[in-house]
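protein.tsv, holding TSV, C-alpha atoms:
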chain	number	residue	atom	x	y	z
A	1	MET	CA	0.00	0.00	0.00
A	2	GLN	CA	1.25	3.47	-0.95
A	3	LEU	CA	0.76	4.99	2.51
A	4	VAL	CA	2.74	2.21	4.17
A	5	GLU	CA	5.59	2.78	1.70
A	6	LEU	CA	5.57	6.46	2.61
A	7	GLN	CA	5.54	5.70	6.33
A	8	GLU	CA	8.43	3.26	6.00
A	9	ASN	CA	10.45	5.81	4.02
A	10	LEU	CA	9.70	9.09	5.79
A	11	ALA	CA	13.43	9.50	6.38
A	12	LEU	CA	13.76	10.36	2.68
A	13	PHE	CA	12.04	13.64	3.55
A	14	ASP	CA	13.86	14.47	6.79
A	15	ASP	CA	16.07	17.03	5.07
A	16	ILE	CA	13.23	19.19	3.77
A	17	ASP	CA	11.28	21.80	5.67
A	18	ALA	CA	7.82	20.59	4.71
A	19	ASP	CA	4.73	19.01	6.19
A	20	ILE	CA	3.62	15.72	4.72
A	21	TYR	CA	-0.07	14.94	4.42
A	22	ALA	CA	-2.14	12.29	2.73
A	23	ILE	CA	-5.62	13.32	1.63
A	24	SER	CA	-8.60	11.08	1.09
A	25	LYS	CA	-12.25	11.65	0.26
A	26	GLU	CA	-13.15	9.27	3.09
A	27	SER	CA	-14.86	10.56	6.22
A	28	SER	CA	-12.78	11.86	9.11
A	29	SER	CA	-13.59	8.79	11.19
A	30	ASP	CA	-12.62	6.42	8.36
A	31	SER	CA	-9.39	8.38	7.77
A	32	GLN	CA	-8.55	8.27	11.47
A	33	ALA	CA	-9.26	4.52	11.61
A	34	LEU	CA	-6.98	3.97	8.60
A	35	LYS	CA	-4.24	6.14	10.13
A	36	ASN	CA	-4.42	4.24	13.40
A	37	GLY	CA	-4.68	0.86	11.71
A	38	LEU	CA	-1.60	1.47	9.59
A	39	GLY	CA	0.33	3.24	12.34
A	40	LEU	CA	0.87	6.37	10.26
A	41	THR	CA	2.75	9.22	11.92
A	42	PHE	CA	1.94	11.80	9.25
A	43	SER	CA	-1.45	13.49	8.90
A	44	LEU	CA	-4.23	11.81	6.95
A	45	LEU	CA	-6.77	14.45	6.02
A	46	SER	CA	-10.38	13.96	5.04
A	47	ASP	CA	-11.75	15.80	1.99
A	48	PRO	CA	-15.18	14.25	1.30
A	49	ASN	CA	-16.21	17.09	-1.03
A	50	LEU	CA	-12.91	16.86	-2.96
A	51	GLU	CA	-12.28	20.59	-2.53
A	52	VAL	CA	-8.58	20.36	-1.67
A	53	ILE	CA	-8.13	17.45	-4.05
A	54	GLU	CA	-9.55	19.60	-6.85
A	55	TYR	CA	-7.41	22.59	-5.79
A	56	VAL	CA	-4.25	20.53	-6.24
A	57	ASN	CA	-5.40	19.17	-9.62
A	58	MET	CA	-5.86	15.60	-8.41
A	59	LYS	CA	-9.63	15.26	-8.86
A	60	ASN	CA	-10.80	12.42	-11.09
A	61	ASP	CA	-14.61	12.62	-11.31
A	62	ASP	CA	-15.85	11.44	-7.89
A	63	LEU	CA	-12.44	10.18	-6.81
A	64	SER	CA	-8.92	11.43	-6.55
A	65	TYR	CA	-5.95	10.40	-8.61
A	66	ARG	CA	-3.02	8.79	-6.84
A	67	GLY	CA	0.15	10.77	-6.81
A	68	PHE	CA	1.49	13.83	-5.06
A	69	SER	CA	1.02	17.58	-5.01
A	70	ILE	CA	3.21	20.36	-3.73
A	71	LEU	CA	2.00	23.56	-2.13
A	72	ASP	CA	4.27	26.44	-1.19
A	73	GLN	CA	4.60	27.74	2.35
A	74	ASN	CA	1.57	29.98	1.78
A	75	GLY	CA	-0.63	27.11	0.64
A	76	HIS	CA	-0.52	28.00	-3.04
A	77	TYR	CA	-0.57	25.15	-5.52
A	78	VAL	CA	2.80	24.61	-7.21
A	79	HIS	CA	2.92	21.18	-8.82
A	80	HIS	CA	1.22	17.79	-9.01
A	81	GLU	CA	2.02	14.45	-10.51
A	82	ILE	CA	-0.41	11.63	-11.14
A	83	ASN	CA	1.22	8.28	-10.49
A	84	ASP	CA	-0.56	5.15	-9.30
A	85	HIS	CA	2.77	3.75	-8.14
A	86	TRP	CA	4.25	6.74	-6.30
A	87	GLY	CA	4.65	4.73	-3.09
A	88	GLU	CA	6.23	1.73	-4.76
A	89	GLN	CA	8.57	4.21	-6.45
A	90	ILE	CA	9.13	6.20	-3.26
A	91	GLU	CA	12.79	6.96	-3.93
A	92	GLU	CA	11.96	8.40	-7.35
A	93	THR	CA	8.99	10.24	-5.86
A	94	SER	CA	11.23	11.71	-3.18
A	95	SER	CA	13.76	12.86	-5.78
A	96	LYS	CA	11.04	14.60	-7.80
A	97	ILE	CA	9.67	16.33	-4.72
A	98	HIS	CA	13.15	17.46	-3.71
A	99	GLU	CA	13.74	18.84	-7.22
A	100	HIS	CA	10.52	20.86	-7.18
A	101	LEU	CA	11.20	22.20	-3.70
A	102	LYS	CA	14.69	23.22	-4.76
A	103	GLU	CA	13.22	25.13	-7.71
A	104	LEU	CA	10.87	26.91	-5.32
A	105	SER	CA	13.72	28.08	-3.14
A	106	GLU	CA	15.73	29.51	-6.03
Can you give me the file's structure in the form of structure tokens?
Amino acid sequence: MQLVELQENLALFDDIDADIYAISKESSSDSQALKNGLGLTFSLLSDPNLEVIEYVNMKNDDLSYRGFSILDQNGHYVHHEINDHWGEQIEETSSKIHEHLKELSE
């Protein structure tokens, strides 16, 4: 599961000044149950109306795409990438995120 891959590889993001969140359209209680069940230490946010998911260009009809999005420190959308295998490819995902964050800081 993608979220487990992220949890097991959080150290790949230790060197960046960023908050890591996962967002789901599931209810808050379902998201909390999933977070607890998987032992996630990062935030798992609930977005049942897909408002944030749409803001970060990850809305796919009534669902969200899998992948990642980057917001700047003011919460403005910067980048997204749709990738069903982002967790399985966590090292590549981390490299891409680092590259985009580096571009932001320049």
For Gly39 in chain A, please output as a list in words all residues within 12 Å (counting all atoms listed in the file; exclusion window: fewer than 2 positions along the same chain).
->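 Contacts, in chain order: Leu3, Val4, Glu5, Leu6, Gln7, Glu8, Ser31, Gln32, Ala33, Leu34, Lys35, Asn36, Gly37, Thr41, Phe42, Ser43 and Leu44 of chain A.
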Ile90 in chain A proximity check over A:Leu63, A:Ala11, A:Val52, A:Leu38, using only C-alpha atoms: winner is A:Ala11
Pick out the residues sitting within 8 Å of Arg66 in chain A, and hand them over as a PDB file with C-alpha atoms, in the coordinates of the input; count only C-alpha atoms, and ignore anything fewer than 3 positions along from it in its own chain.
ATOM      1  CA  MET A  58      -5.860  15.600  -8.410  1.00  0.00           C
ATOM      2  CA  ILE A  82      -0.410  11.630 -11.140  1.00  0.00           C
ATOM      3  CA  ASN A  83       1.220   8.280 -10.490  1.00  0.00           C
ATOM      4  CA  ASP A  84      -0.560   5.150  -9.300  1.00  0.00           C
ATOM      5  CA  HIS A  85       2.770   3.750  -8.140  1.00  0.00           C
ATOM      6  CA  TRP A  86       4.250   6.740  -6.300  1.00  0.00           C
TER       7      TRP A  86
END
Closest to Glu91 in chain A among A:Leu12, A:Pro48, A:Ser64, A:Met1, using only C-alpha atoms?
->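 Of A:Leu12, A:Pro48, A:Ser64, A:Met1, the one nearest Glu91 in chain A is A:Leu12, counting only C-alpha atoms.
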Considering only C-alpha atoms, state which residue in the set A:Ile97, A:Val78, A:Leu10, A:Ile23 is at the smallest distance from Glu51 in chain A.
->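 Closest to Glu51 in chain A, using only C-alpha atoms: A:Ile23.
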Rank nothing, just name the residue among A:Leu50, A:Leu104, A:His98, A:Tyr77 nearest to Tyr65 in chain A, using all atoms listed in the file.
->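 Using all atoms listed in the file, the shortest distance to Tyr65 in chain A belongs to A:Leu50.
With all atoms listed in the file as the atoms that count, the minimum distance from Glu54 in chain A to the choices A:Asn9, A:Ser94, A:Ser69, A:Asn74 is reached by A:Ser69.
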Which distance in Å separates CA of Leu45 in chain A and CA of Glu99 in chain A, to one decimal?
->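 Going from CA of Leu45 in chain A over to CA of Glu99 in chain A covers 24.8 Å.
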Contacts of Gln73 in chain A at 10 Å or less, counting all atoms listed in the file, minus same-chain residues fewer than 3 places along, as a PyMOL selection string?
-> chain A and resi 17-19+70+76-77+104
Please save C-alpha atoms of the selected residues as a PDB file, in the frame of the given file.
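The new file result29.pdb reads:
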ATOM      1  CA  ASP A  17      11.280  21.800   5.670  1.00  0.00           C
ATOM      2  CA  ALA A  18       7.820  20.590   4.710  1.00  0.00           C
ATOM      3  CA  ASP A  19       4.730  19.010   6.190  1.00  0.00           C
ATOM      4  CA  ILE A  70       3.210  20.360  -3.730  1.00  0.00           C
ATOM      5  CA  HIS A  76      -0.520  28.000  -3.040  1.00  0.00           C
ATOM      6  CA  TYR A  77      -0.570  25.150  -5.520  1.00  0.00           C
ATOM      7  CA  LEU A 104      10.870  26.910  -5.320  1.00  0.00           C
TER       8      LEU A 104
END
Just need the box for range 79-84 of chain A, edges along x, y and z, holding every atom the file lists for it with 4 Å tacked onto each side, so centre and edge lengths in Å to one decimal, as lines of an AutoDock Vina configuration file.
center_x = 1.2
center_y = 13.2
center_z = -10.0
size_x = 11.5
size_y = 24.0
size_z = 10.3
So, counting only C-alpha atoms, which residue among A:Asp47, A:Glu81, A:Asp61, A:Asp72 is closest to Lys96 in chain A?
->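 Residue with the minimum atom-to-atom distance to Lys96 in chain A: A:Glu81.
A straight line drawn from CA of Asn49 in chain A to CA of Asp62 in chain A is 8.9 Å long.
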Distance CA of Phe68 in chain A-CA of His80 in chain A, one decimal place?
->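 So the two atoms, CA of Phe68 in chain A and CA of His80 in chain A, lie 5.6 Å apart.
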